[in-house]
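A.B. asks: Dropping the structure in here first, questions after.
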Amino acid sequence: MKRKAYGRDAGLTLRMLLTTGMLGLVYVAFAVLLFQFLNVGLIPMVVIVIGIAAFQYYTSDKLALLASGAKVVERDQAPDLHAMVERLCAMSDLPKPRVAIIDSDVPNAFATGRSPKHAAVAVTTGLLRRLNQQEIEGVLAHELSHVKNRDVRTMTLASFFAMLAAMIARFAFYGGLFGGGDRRDNNGPPIWLILMVVGWVTYLISWILIQMISRYREYAADRGAAIITGAPEHLMSALQKIASQMSLIPQRDLREVQGMNAFFIVPTDWKKRGAELFMSHPPLEKRLAALAEIAREMGRAA
């Protein structure tokens, strides 16, 4: 049976919409300046952009599994894990994704895939050893919420033009370094310098906005997990246990998987304090506070 939703977080939804709108405006400004200064026809540029975007979009799940070393397992290889995923999918009205296991002592998990029909959920052996069944279900429900919300697709599309801007800025820099100093007119700055500045400014602003969207979607996935399981305290316990156990893992092992931090439910560097503006995940204490508030909405003791 499906769980009753205890209302959406209107403030969170509004912040996500505003941030996404701001990101769209940045990209529109970038496109206008790009076509004004870059001597490339519209059709070739559109073909290049669509080609790269399509490749990234359709291979995101395979690339993530490959990069993490995750191995897809069948039901007879991990019956308990498959049973949990099936039960949670039935509760959240989702098709069952592929189930994968990462042979790593680092306790963590992630979801990937452009849509619910092309999704995969991966957990590490370290997480399976350290968490109890209810905590694992909380983590899986969080990852399935990412799938239901199509977060991988959203973040892939949101980050595409940021990467394109960085690529153009880099090409402009090397073009100016080795190709001379062509100017737009006799008194204006070199075109390569204009493109480089525009590219890097676009990248930096969009990267900050993308980090904000990522944090908001983590809050949304936490709320989704609480609604699916009906027990936000289980995810709270899981997050606390993952974070505390992470400090016991050798730095060498953490470095091996740190490239997946943007995907993980808890990044391996969560203890490093810095400006929240530049973080892909909300601070742990804020996530726990938000889950505690959801538990109060549900009439459960957090």
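Quick note on naming: the chains in the structure tokens go A, B, ... in the order shown, residues restart at 1 in each chain, and ligands are numbered from 1 in order of appearance.
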Going by DSSP on the backbone, which residues of stretch 79-252 of chain A come out as alpha helix (DSSP H)? List them as number ranges by chain.

C.D. replies: A: 79-92, 125-130, 133-148, 151-179, 191-229, 232-246, 251-252

A.B. asks: Those residues you just picked out, can you put them in a file as a tab-separated table (two decimals), in the first residue's frame with C-alpha atoms?

C.D. replies:
```
chain	number	residue	atom	x	y	z
A	79	PRO	CA	17.71	-11.85	-1.49
A	80	ASP	CA	17.23	-9.62	1.58
A	81	LEU	CA	18.35	-6.50	-0.25
A	82	HIS	CA	16.10	-7.25	-3.22
A	83	ALA	CA	13.15	-7.91	-0.90
A	84	MET	CA	13.60	-4.52	0.79
A	85	VAL	CA	13.82	-2.71	-2.55
A	86	GLU	CA	10.72	-4.51	-3.85
A	87	ARG	CA	8.72	-3.65	-0.73
A	88	LEU	CA	9.73	0.03	-0.84
A	89	CYS	CA	8.99	0.25	-4.58
A	90	ALA	CA	5.49	-1.13	-3.96
A	91	MET	CA	4.95	1.52	-1.28
A	92	SER	CA	6.19	4.35	-3.50
A	125	THR	CA	29.11	-3.73	1.71
A	126	GLY	CA	30.21	-1.44	4.53
A	127	LEU	CA	26.69	-0.02	4.80
A	128	LEU	CA	25.09	-3.47	4.80
A	129	ARG	CA	27.38	-4.58	7.64
A	130	ARG	CA	26.94	-1.51	9.84
A	133	GLN	CA	17.35	-3.53	8.49
A	134	GLN	CA	15.21	-0.51	9.38
A	135	GLU	CA	18.12	1.87	8.82
A	136	ILE	CA	18.96	0.27	5.48
A	137	GLU	CA	15.32	0.67	4.45
A	138	GLY	CA	15.51	4.36	5.38
A	139	VAL	CA	18.59	4.78	3.18
A	140	LEU	CA	17.02	2.86	0.29
A	141	ALA	CA	13.84	4.93	0.57
A	142	HIS	CA	15.95	8.10	0.34
A	143	GLU	CA	17.62	6.82	-2.83
A	144	LEU	CA	14.30	5.71	-4.33
A	145	SER	CA	12.97	9.23	-3.66
A	146	HIS	CA	15.82	10.54	-5.82
A	147	VAL	CA	14.66	8.14	-8.53
A	148	LYS	CA	11.00	9.13	-8.17
A	151	ASP	CA	16.97	13.99	-9.59
A	152	VAL	CA	19.75	12.45	-11.67
A	153	ARG	CA	18.14	13.76	-14.85
A	154	THR	CA	17.59	17.18	-13.29
A	155	MET	CA	21.17	17.52	-12.09
A	156	THR	CA	22.58	16.21	-15.38
A	157	LEU	CA	20.65	18.78	-17.38
A	158	ALA	CA	21.36	21.56	-14.87
A	159	SER	CA	25.09	20.96	-14.97
A	160	PHE	CA	25.49	20.51	-18.72
A	161	PHE	CA	25.81	24.17	-19.71
A	162	ALA	CA	28.06	24.83	-16.73
A	163	MET	CA	30.47	22.23	-18.09
A	164	LEU	CA	30.08	23.69	-21.59
A	165	ALA	CA	30.93	27.15	-20.25
A	166	ALA	CA	34.05	25.81	-18.52
A	167	MET	CA	35.08	24.01	-21.72
A	168	ILE	CA	34.67	27.15	-23.83
A	169	ALA	CA	36.62	29.21	-21.28
A	170	ARG	CA	39.45	26.69	-21.42
A	171	PHE	CA	39.49	26.61	-25.22
A	172	ALA	CA	39.46	30.42	-25.30
A	173	PHE	CA	42.42	30.55	-22.92
A	174	TYR	CA	44.51	28.16	-25.01
A	175	GLY	CA	43.34	29.86	-28.20
A	176	GLY	CA	44.60	33.18	-26.88
A	177	LEU	CA	47.79	31.59	-25.61
A	178	PHE	CA	48.73	29.97	-28.89
A	179	GLY	CA	46.56	31.66	-31.51
A	191	ILE	CA	37.75	37.93	-28.36
A	192	TRP	CA	39.46	35.03	-26.59
A	193	LEU	CA	39.66	37.10	-23.40
A	194	ILE	CA	35.97	38.02	-23.57
A	195	LEU	CA	35.00	34.38	-24.09
A	196	MET	CA	37.25	33.21	-21.28
A	197	VAL	CA	35.83	35.69	-18.79
A	198	VAL	CA	32.23	35.03	-19.85
A	199	GLY	CA	32.81	31.28	-19.67
A	200	TRP	CA	34.36	31.27	-16.22
A	201	VAL	CA	31.84	33.73	-14.75
A	202	THR	CA	28.99	31.62	-16.13
A	203	TYR	CA	30.57	28.46	-14.73
A	204	LEU	CA	31.14	29.89	-11.25
A	205	ILE	CA	27.65	31.38	-10.88
A	206	SER	CA	25.93	28.29	-12.27
A	207	TRP	CA	28.05	25.96	-10.11
A	208	ILE	CA	26.93	27.78	-6.96
A	209	LEU	CA	23.28	27.57	-8.08
A	210	ILE	CA	23.67	23.88	-8.94
A	211	GLN	CA	25.04	23.19	-5.44
A	212	MET	CA	21.97	24.93	-4.01
A	213	ILE	CA	19.65	22.77	-6.13
A	214	SER	CA	21.54	19.66	-5.02
A	215	ARG	CA	21.08	20.58	-1.35
A	216	TYR	CA	17.37	21.22	-1.82
A	217	ARG	CA	16.93	17.87	-3.54
A	218	GLU	CA	18.65	16.11	-0.63
A	219	TYR	CA	16.09	17.65	1.73
A	220	ALA	CA	13.31	16.53	-0.63
A	221	ALA	CA	14.69	12.97	-0.76
A	222	ASP	CA	14.88	12.87	3.05
A	223	ARG	CA	11.23	13.92	3.23
A	224	GLY	CA	10.34	11.33	0.58
A	225	ALA	CA	12.07	8.59	2.59
A	226	ALA	CA	10.18	9.62	5.72
A	227	ILE	CA	6.86	9.45	3.84
A	228	ILE	CA	7.62	6.11	2.16
A	229	THR	CA	8.70	4.34	5.36
A	232	PRO	CA	11.79	9.33	9.73
A	233	GLU	CA	13.67	8.28	12.85
A	234	HIS	CA	15.13	5.32	10.97
A	235	LEU	CA	16.74	7.56	8.36
A	236	MET	CA	17.93	9.89	11.13
A	237	SER	CA	19.61	6.96	12.85
A	238	ALA	CA	21.13	5.80	9.55
A	239	LEU	CA	22.56	9.23	8.74
A	240	GLN	CA	24.10	9.54	12.19
A	241	LYS	CA	25.57	6.05	12.04
A	242	ILE	CA	26.98	6.52	8.53
A	243	ALA	CA	28.60	9.81	9.52
A	244	SER	CA	30.08	8.46	12.75
A	245	GLN	CA	31.38	5.28	11.11
A	246	MET	CA	32.96	7.30	8.30
A	251	GLN	CA	41.76	8.00	4.54
A	252	ARG	CA	43.08	5.85	1.69
```

A.B. asks: Given only C-alpha atoms as the basis, pick out the residue of A:Val99, A:Leu254, A:Ala109, A:Met279 nearest to A:Asp76.

C.D. replies: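 For A:Asp76, the nearest of the candidates is A:Val99.
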
A.B. asks: If you count only C-alpha atoms, which residues fall within 6 Å of A:Ala70, apart from same-chain ones fewer than 4 positions away, as a compact mmCIF listing (two decimals) with N, CA and C atoms, in the first residue's frame?

C.D. replies:
```
# COMPACT_ATOMS: atom_id res chain seq x y z
N LEU A 65 27.72 3.67 -12.30
CA LEU A 65 27.99 2.33 -11.78
C LEU A 65 29.44 1.93 -12.06
N ALA A 100 22.51 -2.92 -7.05
CA ALA A 100 23.96 -3.12 -7.17
C ALA A 100 24.63 -3.01 -5.80
N ILE A 101 25.76 -3.67 -5.69
CA ILE A 101 26.55 -3.65 -4.46
C ILE A 101 27.97 -3.21 -4.80
N ILE A 102 28.51 -2.32 -3.97
CA ILE A 102 29.88 -1.85 -4.12
C ILE A 102 30.73 -2.50 -3.04
```

A.B. asks: Which of stretch 77-271 of chain A counts as strand (DSSP E) under DSSP, as number ranges by chain please?

C.D. replies: A: 98-102, 109-113, 119-124

A.B. asks: Produce a file of the selected residues containing C-alpha atoms, as a CSV table (one decimal), in the first residue's frame.

C.D. replies:
```
chain,number,residue,atom,x,y,z
A,98,ARG,CA,18.5,-2.6,-10.8
A,99,VAL,CA,20.2,-3.4,-7.5
A,100,ALA,CA,24.0,-3.1,-7.2
A,101,ILE,CA,26.5,-3.6,-4.5
A,102,ILE,CA,29.9,-1.8,-4.1
A,109,ALA,CA,24.7,4.4,-1.0
A,110,PHE,CA,23.5,6.2,-4.2
A,111,ALA,CA,20.9,6.1,-6.9
A,112,THR,CA,21.4,6.8,-10.6
A,113,GLY,CA,19.4,6.7,-13.9
A,119,ALA,CA,17.4,3.4,-12.6
A,120,ALA,CA,19.8,1.6,-10.3
A,121,VAL,CA,20.3,1.7,-6.6
A,122,ALA,CA,23.7,0.8,-5.2
A,123,VAL,CA,24.8,0.2,-1.6
A,124,THR,CA,28.3,-0.6,-0.2
```

A.B. asks: Go through A:Ala292, A:Leu94, A:Met260, A:Met22 one by one, measure the shortest atom-to-atom distance of each to A:Asn149 using only C-alpha atoms, and give the residue with the smallest value.

C.D. replies: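 Of the candidates, the smallest distance to A:Asn149 is held by A:Leu94.
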
A.B. asks: Distance atom CA of A:Gly69-atom CA of A:Pro250, one decimal place?

C.D. replies: 18.5 Å
